[in-house]
Amino acid sequence: MAENDVWIIGAAMTKFGRYLDKDVIDLASEASMAALDDGDVSIHDMDVLGAGNLMEAASGIGQRIQKQIGQTGIPVYNVANACATGATAVRCVFLAIKAGEADAGLAVGCEQMGKAGLLGASARSDKQVYEPSGRYGAVMSVEGRLGTTLMPGVFAQAGMEYAGRHDGVGFEQFAKVAEKNHAHSTLNPLAQYQKAFSLEEVMGADMMAYPNTLLMCCPTGDGAAALVMVSEAKLRTLSDEQRRRAVKVSASVMTSDPWTDADQVQPDVNTLTRAAADRAYEQSGVDPKDLDLVELHDCFATAELIHYDNLRLCEPGEAGKFIDERGPWRDGSTPVNVSGGLISKGHPLGATGVANLYEVATHLRGEAGDRQVDGAKVGLTHVIGLGSACAVHVLEKAAA
Amino acid sequence: MTDAPPARVPLVDYLVLDDGDPHLVANESTETGALYFDRRNADAKSGRPGFKQRRLENTGTVRTFTIVHRAAPGVPTPYVSVVVDLDGGGVVKANLLNVEPDPDQVRAGMPVRLTTFTAGTDDNGTEAVGFAYEPA
């Protein structure tokens, strides 16, 4: 144990889904209070609050949550960082503890999206008189006229670029990712969907953006997740039971995308993931082969496959072989997204980067029920927000 | 007195229509040669200012593609979206025309060339001209 290690002592998430009778503050408060209860602490023990939300980012989400769970005057950091929003809230608390400014903190990520459909796909509102506007002097919407920048297509192109460069990767390999994650979700009562689909059903579903069919795309939805984190010094003051269940944050890394020749037209989700993973492995001293489970950002099946390679879970260029040999299945060599992943567990944007830490921590505590990865001691989480932001965390089970 | 021909405007300002064959231009960093279609305060690669305009080649190869079946309202589907590596430098995203929207008909590495299409006509009769690529 190092003097300035950071530990997770409480973790919780709501079931992901669609809540017509609750708002985002209800969901965030529910997850926050559950995480505090799980850690056997109260809001009065918290020195800092990190609150992640994307769609109501300007609304002071953290302070609105405080009004439901306790206004204690602590600093609140409201953050928005695309799909890495939740992980950014975690990082706020992590950094405050690392800096010695806080002994304990609460991180919460939350989102209410409802049934939003294809994000960003607003109807074209072409001008009646063409006037150049914006940084590219466009006289009308370019979506669909100069390629696609909507998410299913962007991630399809990222996957097809990998497929074009490596043998043994195609529609079927991408579809196998979704087959796996839907199957995994059947064991997770907190997943938005818990229904298995055959490979044929996945491949035969409505095509969104080749090779991503509807069953290879994450749904929109609502949900929240929260973590309570403490310093090493604080942990030592806690009960045997709290220490027994504590999970160490062995690495916490955030990156943005470095310049590439294509990133002005097609965000590169590889460079920043590789950089974050490499730094996380170095920071934690953990080797990719040591990982007992991984929760990675499978917003689309094409994304998950390329991240096998980016996170070093397979040999370079062999992501297709990895899924063909069932390596990322729950009973495979490195289980990936045993929660069901974003594809089936769901992807309430701001909650995702906290919920994946909840999932891994729950396995490391041996409390994951039917989906438990037996004997899990170390796990990794990964999220990407396009634009781009990437966060990777490595978590380890307490030694004692 | 004859009516003036309807004006033509490019869909985006990095498409040049009135200087020989239609072509793309980019802002090239004098420091690194990195290319940008929009204005930049500094080169994202080096952090240093200084740009000159450069005409890009009309030919290139497909880096990656997707075939879009579900799109924003009003966008005809299916269509092929490609990222193209231009000969001589530059990467651009556009539609691929004059090819079946079938994954067996498009592949990474296929040679393509620039073409143009009418993107629309406004109430003044002004034609908006877009660019795309087609198999070379």
# chains A, B, ... in the order shown; residues from 1 in each chain; ligands from 1
$ closest_atom_pairs --of "chain B" --to "chain A" --cutoff "7 Å" --atoms "only C-alpha atoms" --output "JSON lines"
{"residue": "B:Leu11", "atom": "CA", "partner": "A:Ala138", "partner_atom": "CA", "distance": 5.4}
{"residue": "B:Val12", "atom": "CA", "partner": "A:Ala138", "partner_atom": "CA", "distance": 4.2}
{"residue": "B:Asp13", "atom": "CA", "partner": "A:Gly137", "partner_atom": "CA", "distance": 4.9}
{"residue": "B:Ala34", "atom": "CA", "partner": "A:Asp261", "partner_atom": "CA", "distance": 7.0}
{"residue": "B:Phe37", "atom": "CA", "partner": "A:Tyr136", "partner_atom": "CA", "distance": 6.9}
{"residue": "B:Asp38", "atom": "CA", "partner": "A:Tyr136", "partner_atom": "CA", "distance": 5.5}
{"residue": "B:Arg39", "atom": "CA", "partner": "A:Arg135", "partner_atom": "CA", "distance": 6.8}
{"residue": "B:Ala44", "atom": "CA", "partner": "A:Trp259", "partner_atom": "CA", "distance": 6.2}
{"residue": "B:Lys45", "atom": "CA", "partner": "A:Trp259", "partner_atom": "CA", "distance": 5.4}
{"residue": "B:Arg63", "atom": "CA", "partner": "A:Glu161", "partner_atom": "CA", "distance": 6.5}
{"residue": "B:Thr64", "atom": "CA", "partner": "A:Glu161", "partner_atom": "CA", "distance": 4.8}
{"residue": "B:Phe65", "atom": "CA", "partner": "A:Gln157", "partner_atom": "CA", "distance": 5.2}
{"residue": "B:Thr66", "atom": "CA", "partner": "A:Tyr210", "partner_atom": "CA", "distance": 5.3}
{"residue": "B:Ile67", "atom": "CA", "partner": "A:Tyr210", "partner_atom": "CA", "distance": 5.0}
{"residue": "B:Val68", "atom": "CA", "partner": "A:Ala209", "partner_atom": "CA", "distance": 4.3}
{"residue": "B:His69", "atom": "CA", "partner": "A:Met208", "partner_atom": "CA", "distance": 5.1}
{"residue": "B:Arg70", "atom": "CA", "partner": "A:Met208", "partner_atom": "CA", "distance": 4.9}
{"residue": "B:Ala71", "atom": "CA", "partner": "A:Ala121", "partner_atom": "CA", "distance": 6.7}
{"residue": "B:Ala72", "atom": "CA", "partner": "A:Ala121", "partner_atom": "CA", "distance": 4.3}
{"residue": "B:Pro73", "atom": "CA", "partner": "A:Ala123", "partner_atom": "CA", "distance": 4.9}
{"residue": "B:Gly74", "atom": "CA", "partner": "A:Arg124", "partner_atom": "CA", "distance": 6.5}
{"residue": "B:Val75", "atom": "CA", "partner": "A:Gly144", "partner_atom": "CA", "distance": 6.0}
{"residue": "B:Ser81", "atom": "CA", "partner": "A:Gly147", "partner_atom": "CA", "distance": 4.2}
{"residue": "B:Val82", "atom": "CA", "partner": "A:Gly147", "partner_atom": "CA", "distance": 6.3}
{"residue": "B:Val91", "atom": "CA", "partner": "A:Ala262", "partner_atom": "CA", "distance": 5.4}
{"residue": "B:Val92", "atom": "CA", "partner": "A:Val265", "partner_atom": "CA", "distance": 6.1}
{"residue": "B:Lys93", "atom": "CA", "partner": "A:Gly147", "partner_atom": "CA", "distance": 5.7}
{"residue": "B:Ala94", "atom": "CA", "partner": "A:Leu146", "partner_atom": "CA", "distance": 3.8}
{"residue": "B:Asn95", "atom": "CA", "partner": "A:Gly147", "partner_atom": "CA", "distance": 4.7}
{"residue": "B:Ala108", "atom": "CA", "partner": "A:Gly164", "partner_atom": "CA", "distance": 5.5}
{"residue": "B:Asp122", "atom": "CA", "partner": "A:Gln128", "partner_atom": "CA", "distance": 5.1}
{"residue": "B:Asp123", "atom": "CA", "partner": "A:Gln128", "partner_atom": "CA", "distance": 5.5}
{"residue": "B:Asn124", "atom": "CA", "partner": "A:Val129", "partner_atom": "CA", "distance": 6.7}
{"residue": "B:Ala132", "atom": "CA", "partner": "A:Leu146", "partner_atom": "CA", "distance": 6.9}
$ residues_around --residues "Leu114 in chain B" --least-positions-apart "3" --cutoff "8 Å" --atoms "only C-alpha atoms" --output "number ranges by chain"
B: 23, 58-59, 131-134
$ select_by_dssp --residues "chain B" --states "strand (DSSP E or B)" --output "PyMOL selection string"
chain B and resi 8-10+15-16+23-29+35-36+51-55+59-68+79-86+91-96+111-121+127-135
$ residues_around --residues "range 45-58 of chain A" --least-positions-apart "3" --cutoff "7 Å" --atoms "only C-alpha atoms" --output "mmCIF file with N, CA, C and O atoms, in the first residue's frame"
data_model
loop_
_atom_site.group_PDB
_atom_site.id
_atom_site.type_symbol
_atom_site.label_atom_id
_atom_site.label_comp_id
_atom_site.auth_asym_id
_atom_site.auth_seq_id
_atom_site.Cartn_x
_atom_site.Cartn_y
_atom_site.Cartn_z
ATOM 1 N N VAL A 41 -21.000 5.005 4.984
ATOM 2 C CA VAL A 41 -20.624 6.380 5.334
ATOM 3 C C VAL A 41 -21.820 7.280 5.023
ATOM 4 O O VAL A 41 -22.821 6.821 4.454
ATOM 5 N N SER A 42 -21.696 8.569 5.371
ATOM 6 C CA SER A 42 -22.792 9.500 5.074
ATOM 7 C C SER A 42 -22.266 10.669 4.255
ATOM 8 O O SER A 42 -21.053 10.850 4.111
ATOM 9 N N ILE A 61 -25.823 20.470 -11.917
ATOM 10 C CA ILE A 61 -26.385 19.167 -11.572
ATOM 11 C C ILE A 61 -25.957 18.722 -10.173
ATOM 12 O O ILE A 61 -26.753 18.177 -9.409
ATOM 13 N N GLY A 62 -24.680 18.966 -9.815
ATOM 14 C CA GLY A 62 -24.179 18.533 -8.508
ATOM 15 C C GLY A 62 -24.908 19.219 -7.368
ATOM 16 O O GLY A 62 -25.293 18.590 -6.376
ATOM 17 N N ILE A 74 -19.606 21.415 0.729
ATOM 18 C CA ILE A 74 -18.351 20.942 0.118
ATOM 19 C C ILE A 74 -18.227 21.435 -1.337
ATOM 20 O O ILE A 74 -19.229 21.794 -1.958
ATOM 21 N N PRO A 75 -17.002 21.455 -1.871
ATOM 22 C CA PRO A 75 -16.853 21.844 -3.275
ATOM 23 C C PRO A 75 -17.534 20.845 -4.210
ATOM 24 O O PRO A 75 -17.477 19.639 -3.979
ATOM 25 N N VAL A 76 -18.166 21.400 -5.233
ATOM 26 C CA VAL A 76 -18.834 20.583 -6.243
ATOM 27 C C VAL A 76 -18.190 20.876 -7.591
ATOM 28 O O VAL A 76 -18.026 22.038 -7.960
ATOM 29 N N TYR A 77 -17.827 19.843 -8.294
ATOM 30 C CA TYR A 77 -17.307 19.994 -9.659
ATOM 31 C C TYR A 77 -18.305 19.374 -10.625
ATOM 32 O O TYR A 77 -18.483 18.161 -10.646
ATOM 33 N N ASN A 78 -18.967 20.231 -11.399
ATOM 34 C CA ASN A 78 -19.880 19.753 -12.442
ATOM 35 C C ASN A 78 -19.098 19.604 -13.728
ATOM 36 O O ASN A 78 -18.458 20.560 -14.172
ATOM 37 N N VAL A 79 -19.145 18.424 -14.319
ATOM 38 C CA VAL A 79 -18.308 18.191 -15.499
ATOM 39 C C VAL A 79 -19.122 17.607 -16.653
ATOM 40 O O VAL A 79 -20.117 16.904 -16.451
ATOM 41 N N ALA A 80 -18.674 17.932 -17.860
ATOM 42 C CA ALA A 80 -19.223 17.356 -19.087
ATOM 43 C C ALA A 80 -18.050 17.077 -20.009
ATOM 44 O O ALA A 80 -17.215 17.959 -20.241
ATOM 45 N N ALA A 82 -18.324 14.661 -23.017
ATOM 46 C CA ALA A 82 -18.904 13.682 -23.942
ATOM 47 C C ALA A 82 -19.157 12.370 -23.203
ATOM 48 O O ALA A 82 -19.543 12.381 -22.041
ATOM 49 N N THR A 85 -17.841 11.617 -19.612
ATOM 50 C CA THR A 85 -18.293 12.531 -18.551
ATOM 51 C C THR A 85 -18.244 11.884 -17.170
ATOM 52 O O THR A 85 -17.725 12.461 -16.212
ATOM 53 N N GLY A 86 -18.772 10.688 -17.041
ATOM 54 C CA GLY A 86 -18.806 10.028 -15.738
ATOM 55 C C GLY A 86 -17.407 9.768 -15.209
ATOM 56 O O GLY A 86 -17.116 9.997 -14.026
ATOM 57 N N ALA A 89 -15.911 12.830 -13.778
ATOM 58 C CA ALA A 89 -16.360 13.097 -12.408
ATOM 59 C C ALA A 89 -15.562 12.250 -11.416
ATOM 60 O O ALA A 89 -15.167 12.728 -10.346
ATOM 61 N N VAL A 90 -15.310 11.010 -11.777
ATOM 62 C CA VAL A 90 -14.486 10.137 -10.939
ATOM 63 C C VAL A 90 -13.090 10.738 -10.776
ATOM 64 O O VAL A 90 -12.525 10.778 -9.686
ATOM 65 N N CYS A 92 -12.220 13.837 -10.929
ATOM 66 C CA CYS A 92 -12.242 15.024 -10.059
ATOM 67 C C CYS A 92 -12.038 14.621 -8.597
ATOM 68 O O CYS A 92 -11.252 15.230 -7.874
ATOM 69 N N VAL A 93 -12.750 13.588 -8.191
ATOM 70 C CA VAL A 93 -12.638 13.130 -6.806
ATOM 71 C C VAL A 93 -11.274 12.480 -6.578
ATOM 72 O O VAL A 93 -10.599 12.732 -5.567
ATOM 73 N N ALA A 102 -8.757 16.352 -0.087
ATOM 74 C CA ALA A 102 -9.933 15.637 0.410
ATOM 75 C C ALA A 102 -9.507 14.258 0.910
ATOM 76 O O ALA A 102 -8.571 13.649 0.380
ATOM 77 N N ASP A 103 -10.195 13.772 1.941
ATOM 78 C CA ASP A 103 -9.975 12.403 2.417
ATOM 79 C C ASP A 103 -11.017 11.448 1.865
ATOM 80 O O ASP A 103 -10.808 10.241 1.830
ATOM 81 N N ALA A 104 -12.154 12.024 1.471
ATOM 82 C CA ALA A 104 -13.246 11.191 0.957
ATOM 83 C C ALA A 104 -14.090 12.015 -0.004
ATOM 84 O O ALA A 104 -14.231 13.226 0.178
ATOM 85 N N GLY A 105 -14.629 11.361 -1.000
ATOM 86 C CA GLY A 105 -15.454 12.097 -1.958
ATOM 87 C C GLY A 105 -16.448 11.192 -2.661
ATOM 88 O O GLY A 105 -16.309 9.963 -2.675
ATOM 89 N N LEU A 106 -17.463 11.843 -3.211
ATOM 90 C CA LEU A 106 -18.524 11.141 -3.926
ATOM 91 C C LEU A 106 -18.466 11.546 -5.396
ATOM 92 O O LEU A 106 -18.425 12.740 -5.709
ATOM 93 N N ALA A 107 -18.450 10.550 -6.272
ATOM 94 C CA ALA A 107 -18.516 10.801 -7.709
ATOM 95 C C ALA A 107 -19.814 10.208 -8.232
ATOM 96 O O ALA A 107 -20.121 9.047 -7.953
ATOM 97 N N VAL A 108 -20.557 10.992 -8.998
ATOM 98 C CA VAL A 108 -21.816 10.494 -9.541
ATOM 99 C C VAL A 108 -21.926 10.880 -11.007
ATOM 100 O O VAL A 108 -21.533 11.978 -11.403
ATOM 101 N N GLY A 109 -22.405 9.947 -11.802
ATOM 102 C CA GLY A 109 -22.687 10.226 -13.209
ATOM 103 C C GLY A 109 -24.140 9.897 -13.479
ATOM 104 O O GLY A 109 -24.654 8.890 -12.977
ATOM 105 N N CYS A 110 -24.812 10.738 -14.244
ATOM 106 C CA CYS A 110 -26.247 10.526 -14.444
ATOM 107 C C CYS A 110 -26.693 11.076 -15.790
ATOM 108 O O CYS A 110 -26.068 11.977 -16.341
ATOM 109 N N GLU A 111 -27.753 10.511 -16.312
ATOM 110 C CA GLU A 111 -28.288 10.980 -17.599
ATOM 111 C C GLU A 111 -29.723 10.529 -17.747
ATOM 112 O O GLU A 111 -30.088 9.428 -17.318
ATOM 113 N N LEU A 349 -25.449 8.553 -21.155
ATOM 114 C CA LEU A 349 -24.111 9.083 -21.435
ATOM 115 C C LEU A 349 -23.274 9.401 -20.193
ATOM 116 O O LEU A 349 -22.163 8.905 -20.035
ATOM 117 N N GLY A 350 -23.815 10.245 -19.309
ATOM 118 C CA GLY A 350 -23.030 10.685 -18.160
ATOM 119 C C GLY A 350 -22.818 9.611 -17.115
ATOM 120 O O GLY A 350 -21.897 9.697 -16.301
#
$ select_by_dssp --residues "range 61-302 of chain A" --states "helix (DSSP H, G or I)" --output "ChimeraX atom specification"
/A:61-69,85-98,151-165,171-185,199-204,214-216,232-236,240-245,271-284,288-290,301-302
$ write_last_selection --atoms "C-alpha atoms" --output "PDB file, in the first residue's frame"
ATOM      1  CA  ILE A  61     -26.385  19.167 -11.572  1.00  0.00           C
ATOM      2  CA  GLY A  62     -24.179  18.533  -8.508  1.00  0.00           C
ATOM      3  CA  GLN A  63     -25.833  21.264  -6.464  1.00  0.00           C
ATOM      4  CA  ARG A  64     -29.262  19.987  -7.513  1.00  0.00           C
ATOM      5  CA  ILE A  65     -28.258  16.536  -6.256  1.00  0.00           C
ATOM      6  CA  GLN A  66     -27.016  18.040  -2.977  1.00  0.00           C
ATOM      7  CA  LYS A  67     -30.452  19.465  -2.376  1.00  0.00           C
ATOM      8  CA  GLN A  68     -31.757  15.887  -2.396  1.00  0.00           C
ATOM      9  CA  ILE A  69     -29.000  14.129  -0.448  1.00  0.00           C
ATOM     10  CA  THR A  85     -18.293  12.531 -18.551  1.00  0.00           C
ATOM     11  CA  GLY A  86     -18.806  10.028 -15.738  1.00  0.00           C
ATOM     12  CA  ALA A  87     -15.153   9.040 -15.679  1.00  0.00           C
ATOM     13  CA  THR A  88     -14.245  12.716 -15.549  1.00  0.00           C
ATOM     14  CA  ALA A  89     -16.360  13.097 -12.408  1.00  0.00           C
ATOM     15  CA  VAL A  90     -14.486  10.137 -10.939  1.00  0.00           C
ATOM     16  CA  ARG A  91     -11.214  11.814 -11.855  1.00  0.00           C
ATOM     17  CA  CYS A  92     -12.242  15.024 -10.059  1.00  0.00           C
ATOM     18  CA  VAL A  93     -12.638  13.130  -6.806  1.00  0.00           C
ATOM     19  CA  PHE A  94      -9.554  10.989  -7.434  1.00  0.00           C
ATOM     20  CA  LEU A  95      -7.401  14.058  -8.049  1.00  0.00           C
ATOM     21  CA  ALA A  96      -8.757  15.918  -5.016  1.00  0.00           C
ATOM     22  CA  ILE A  97      -7.812  12.949  -2.820  1.00  0.00           C
ATOM     23  CA  LYS A  98      -4.432  12.533  -4.509  1.00  0.00           C
ATOM     24  CA  MET A 151     -22.226   7.951 -34.469  1.00  0.00           C
ATOM     25  CA  PRO A 152     -23.205   4.626 -36.079  1.00  0.00           C
ATOM     26  CA  GLY A 153     -21.374   5.648 -39.245  1.00  0.00           C
ATOM     27  CA  VAL A 154     -18.350   7.146 -37.537  1.00  0.00           C
ATOM     28  CA  PHE A 155     -17.764   3.986 -35.533  1.00  0.00           C
ATOM     29  CA  ALA A 156     -18.563   1.825 -38.542  1.00  0.00           C
ATOM     30  CA  GLN A 157     -15.821   3.603 -40.447  1.00  0.00           C
ATOM     31  CA  ALA A 158     -13.425   3.171 -37.522  1.00  0.00           C
ATOM     32  CA  GLY A 159     -14.129  -0.551 -37.570  1.00  0.00           C
ATOM     33  CA  MET A 160     -13.881  -0.870 -41.321  1.00  0.00           C
ATOM     34  CA  GLU A 161     -10.527   0.905 -41.279  1.00  0.00           C
ATOM     35  CA  TYR A 162      -9.266  -1.797 -38.910  1.00  0.00           C
ATOM     36  CA  ALA A 163     -10.869  -4.479 -41.084  1.00  0.00           C
ATOM     37  CA  GLY A 164      -9.153  -3.044 -44.138  1.00  0.00           C
ATOM     38  CA  ARG A 165      -5.771  -3.286 -42.470  1.00  0.00           C
ATOM     39  CA  PHE A 171     -19.090  -8.206 -40.616  1.00  0.00           C
ATOM     40  CA  GLU A 172     -19.261 -11.560 -38.824  1.00  0.00           C
ATOM     41  CA  GLN A 173     -16.520 -10.731 -36.316  1.00  0.00           C
ATOM     42  CA  PHE A 174     -18.166  -7.407 -35.484  1.00  0.00           C
ATOM     43  CA  ALA A 175     -21.533  -9.130 -35.109  1.00  0.00           C
ATOM     44  CA  LYS A 176     -20.038 -11.706 -32.732  1.00  0.00           C
ATOM     45  CA  VAL A 177     -19.235  -8.862 -30.335  1.00  0.00           C
ATOM     46  CA  ALA A 178     -22.911  -7.960 -30.089  1.00  0.00           C
ATOM     47  CA  GLU A 179     -23.941 -11.599 -29.814  1.00  0.00           C
ATOM     48  CA  LYS A 180     -21.613 -11.887 -26.797  1.00  0.00           C
ATOM     49  CA  ASN A 181     -22.737  -8.710 -25.063  1.00  0.00           C
ATOM     50  CA  HIS A 182     -26.421  -9.454 -25.463  1.00  0.00           C
ATOM     51  CA  ALA A 183     -25.771 -12.928 -24.019  1.00  0.00           C
ATOM     52  CA  HIS A 184     -23.818 -11.465 -21.102  1.00  0.00           C
ATOM     53  CA  SER A 185     -26.622  -9.042 -20.264  1.00  0.00           C
ATOM     54  CA  LEU A 199     -25.428 -14.418 -34.488  1.00  0.00           C
ATOM     55  CA  GLU A 200     -27.887 -14.758 -37.357  1.00  0.00           C
ATOM     56  CA  GLU A 201     -30.365 -12.474 -35.597  1.00  0.00           C
ATOM     57  CA  VAL A 202     -27.658  -9.886 -34.958  1.00  0.00           C
ATOM     58  CA  MET A 203     -26.510  -9.949 -38.578  1.00  0.00           C
ATOM     59  CA  GLY A 204     -30.059  -9.987 -39.902  1.00  0.00           C
ATOM     60  CA  LEU A 214     -29.491  -2.187 -34.890  1.00  0.00           C
ATOM     61  CA  LEU A 215     -28.466  -4.951 -32.470  1.00  0.00           C
ATOM     62  CA  MET A 216     -24.845  -3.784 -32.738  1.00  0.00           C
ATOM     63  CA  GLU A 232      -5.319   5.523   2.220  1.00  0.00           C
ATOM     64  CA  ALA A 233      -5.242   7.397   5.538  1.00  0.00           C
ATOM     65  CA  LYS A 234      -9.021   7.500   5.703  1.00  0.00           C
ATOM     66  CA  LEU A 235      -9.300   3.812   4.847  1.00  0.00           C
ATOM     67  CA  ARG A 236      -7.152   2.918   7.838  1.00  0.00           C
ATOM     68  CA  ASP A 240     -12.581  -4.284   9.051  1.00  0.00           C
ATOM     69  CA  GLU A 241     -15.623  -4.893   6.873  1.00  0.00           C
ATOM     70  CA  GLN A 242     -15.200  -1.596   4.998  1.00  0.00           C
ATOM     71  CA  ARG A 243     -11.516  -2.353   4.408  1.00  0.00           C
ATOM     72  CA  ARG A 244     -12.246  -5.906   3.326  1.00  0.00           C
ATOM     73  CA  ARG A 245     -14.597  -4.695   0.623  1.00  0.00           C
ATOM     74  CA  THR A 271      -4.502   6.878 -30.506  1.00  0.00           C
ATOM     75  CA  LEU A 272      -5.867   8.182 -27.235  1.00  0.00           C
ATOM     76  CA  THR A 273      -7.052   4.736 -26.101  1.00  0.00           C
ATOM     77  CA  ARG A 274      -3.628   3.245 -26.712  1.00  0.00           C
ATOM     78  CA  ALA A 275      -1.938   6.097 -24.873  1.00  0.00           C
ATOM     79  CA  ALA A 276      -4.314   5.845 -21.914  1.00  0.00           C
ATOM     80  CA  ALA A 277      -3.983   2.069 -21.704  1.00  0.00           C
ATOM     81  CA  ASP A 278      -0.208   2.117 -21.869  1.00  0.00           C
ATOM     82  CA  ARG A 279      -0.026   4.763 -19.167  1.00  0.00           C
ATOM     83  CA  ALA A 280      -2.508   2.848 -16.987  1.00  0.00           C
ATOM     84  CA  TYR A 281      -0.519  -0.376 -17.294  1.00  0.00           C
ATOM     85  CA  GLU A 282       2.648   1.503 -16.386  1.00  0.00           C
ATOM     86  CA  GLN A 283       1.011   3.336 -13.473  1.00  0.00           C
ATOM     87  CA  SER A 284      -0.501   0.169 -12.005  1.00  0.00           C
ATOM     88  CA  PRO A 288      -2.854  -6.875 -19.854  1.00  0.00           C
ATOM     89  CA  LYS A 289      -2.556 -10.634 -19.326  1.00  0.00           C
ATOM     90  CA  ASP A 290      -3.228 -10.111 -15.609  1.00  0.00           C
ATOM     91  CA  ALA A 301     -19.831  -3.468 -31.923  1.00  0.00           C
ATOM     92  CA  THR A 302     -17.186  -2.136 -34.301  1.00  0.00           C
TER      93      THR A 302
END
$ residues_around --residues "Ser344 in chain A" --least-positions-apart "3" --cutoff "8 Å" --atoms "only C-alpha atoms" --output "PyMOL selection string"
chain A and resi 181-182+185+191-194+218-219+340-341
$ write_last_selection --atoms "all heavy atoms" --output "short mmCIF file (atom, residue, chain, number, x, y, z; two decimals), in the first residue's frame"
data_model
loop_
_atom_site.label_atom_id
_atom_site.label_comp_id
_atom_site.auth_asym_id
_atom_site.auth_seq_id
_atom_site.Cartn_x
_atom_site.Cartn_y
_atom_site.Cartn_z
N ASN A 181 -22.28 -9.67 -26.08
CA ASN A 181 -22.74 -8.71 -25.06
C ASN A 181 -24.22 -8.87 -24.75
O ASN A 181 -24.63 -8.72 -23.59
CB ASN A 181 -22.40 -7.28 -25.50
CG ASN A 181 -20.90 -7.03 -25.45
OD1 ASN A 181 -20.15 -7.88 -24.98
ND2 ASN A 181 -20.45 -5.90 -25.95
N HIS A 182 -25.02 -9.17 -25.76
CA HIS A 182 -26.42 -9.45 -25.46
C HIS A 182 -26.54 -10.70 -24.58
O HIS A 182 -27.35 -10.73 -23.64
CB HIS A 182 -27.21 -9.64 -26.77
CG HIS A 182 -27.47 -8.35 -27.50
ND1 HIS A 182 -28.27 -7.36 -26.98
CD2 HIS A 182 -27.04 -7.89 -28.70
CE1 HIS A 182 -28.32 -6.34 -27.84
NE2 HIS A 182 -27.58 -6.63 -28.89
N SER A 185 -25.65 -9.89 -20.97
CA SER A 185 -26.62 -9.04 -20.26
C SER A 185 -27.74 -9.85 -19.64
O SER A 185 -28.42 -9.36 -18.72
CB SER A 185 -27.21 -8.00 -21.21
OG SER A 185 -28.14 -8.59 -22.11
N ALA A 191 -29.17 -4.38 -16.29
CA ALA A 191 -29.04 -4.03 -17.71
C ALA A 191 -30.38 -3.56 -18.27
O ALA A 191 -31.44 -4.04 -17.89
CB ALA A 191 -28.53 -5.23 -18.50
N GLN A 192 -30.29 -2.63 -19.22
CA GLN A 192 -31.50 -2.11 -19.87
C GLN A 192 -32.22 -3.21 -20.63
O GLN A 192 -33.44 -3.29 -20.63
CB GLN A 192 -31.12 -0.97 -20.81
CG GLN A 192 -32.30 -0.27 -21.47
CD GLN A 192 -31.90 1.08 -22.07
OE1 GLN A 192 -30.86 1.64 -21.77
NE2 GLN A 192 -32.75 1.62 -22.93
N TYR A 193 -31.45 -4.05 -21.29
CA TYR A 193 -32.01 -5.20 -22.02
C TYR A 193 -31.36 -6.47 -21.51
O TYR A 193 -30.16 -6.48 -21.21
CB TYR A 193 -31.79 -5.06 -23.52
CG TYR A 193 -32.50 -3.87 -24.11
CD1 TYR A 193 -31.79 -2.74 -24.51
CD2 TYR A 193 -33.89 -3.84 -24.23
CE1 TYR A 193 -32.44 -1.62 -25.02
CE2 TYR A 193 -34.55 -2.74 -24.74
CZ TYR A 193 -33.83 -1.63 -25.14
OH TYR A 193 -34.48 -0.54 -25.63
N GLN A 194 -32.11 -7.54 -21.41
CA GLN A 194 -31.57 -8.82 -20.94
C GLN A 194 -32.09 -9.92 -21.85
O GLN A 194 -32.76 -10.84 -21.44
CB GLN A 194 -32.00 -9.07 -19.49
CG GLN A 194 -31.39 -8.06 -18.52
CD GLN A 194 -32.28 -7.80 -17.33
OE1 GLN A 194 -32.75 -8.72 -16.67
NE2 GLN A 194 -32.53 -6.54 -17.04
N CYS A 218 -25.64 0.70 -29.31
CA CYS A 218 -26.17 0.87 -27.96
C CYS A 218 -27.48 1.65 -28.02
O CYS A 218 -27.69 2.46 -28.92
CB CYS A 218 -25.17 1.60 -27.07
SG CYS A 218 -24.85 3.31 -27.55
N PRO A 219 -28.37 1.37 -27.05
CA PRO A 219 -29.61 2.15 -27.00
C PRO A 219 -29.40 3.46 -26.24
O PRO A 219 -28.40 3.62 -25.53
CB PRO A 219 -30.54 1.22 -26.20
CG PRO A 219 -29.61 0.52 -25.26
CD PRO A 219 -28.31 0.34 -26.01
N GLY A 340 -22.87 -6.80 -20.04
CA GLY A 340 -23.71 -6.60 -21.22
C GLY A 340 -23.23 -5.43 -22.05
O GLY A 340 -23.65 -5.24 -23.19
N GLY A 341 -22.33 -4.65 -21.43
CA GLY A 341 -21.75 -3.52 -22.18
C GLY A 341 -22.78 -2.46 -22.53
O GLY A 341 -23.96 -2.57 -22.19
#
$ closest_atom_pairs --of "range 237-340 of chain A" --to "range 360-372 of chain A" --cutoff "8 Å" --atoms "only C-alpha atoms" --output "Markdown table"
| residue | atom | partner | partner_atom | distance |
| --- | --- | --- | --- | --- |
| A:Arg245 | CA | A:Arg365 | CA | 5.8 |
| A:Ala246 | CA | A:Arg365 | CA | 7.8 |
| A:Val247 | CA | A:Ala361 | CA | 6.3 |
| A:Leu293 | CA | A:Val360 | CA | 7.2 |
| A:Val294 | CA | A:Val360 | CA | 7.4 |
| A:Glu295 | CA | A:Val360 | CA | 7.2 |
| A:Val338 | CA | A:Arg371 | CA | 6.9 |
| A:Ser339 | CA | A:Arg371 | CA | 7.7 |
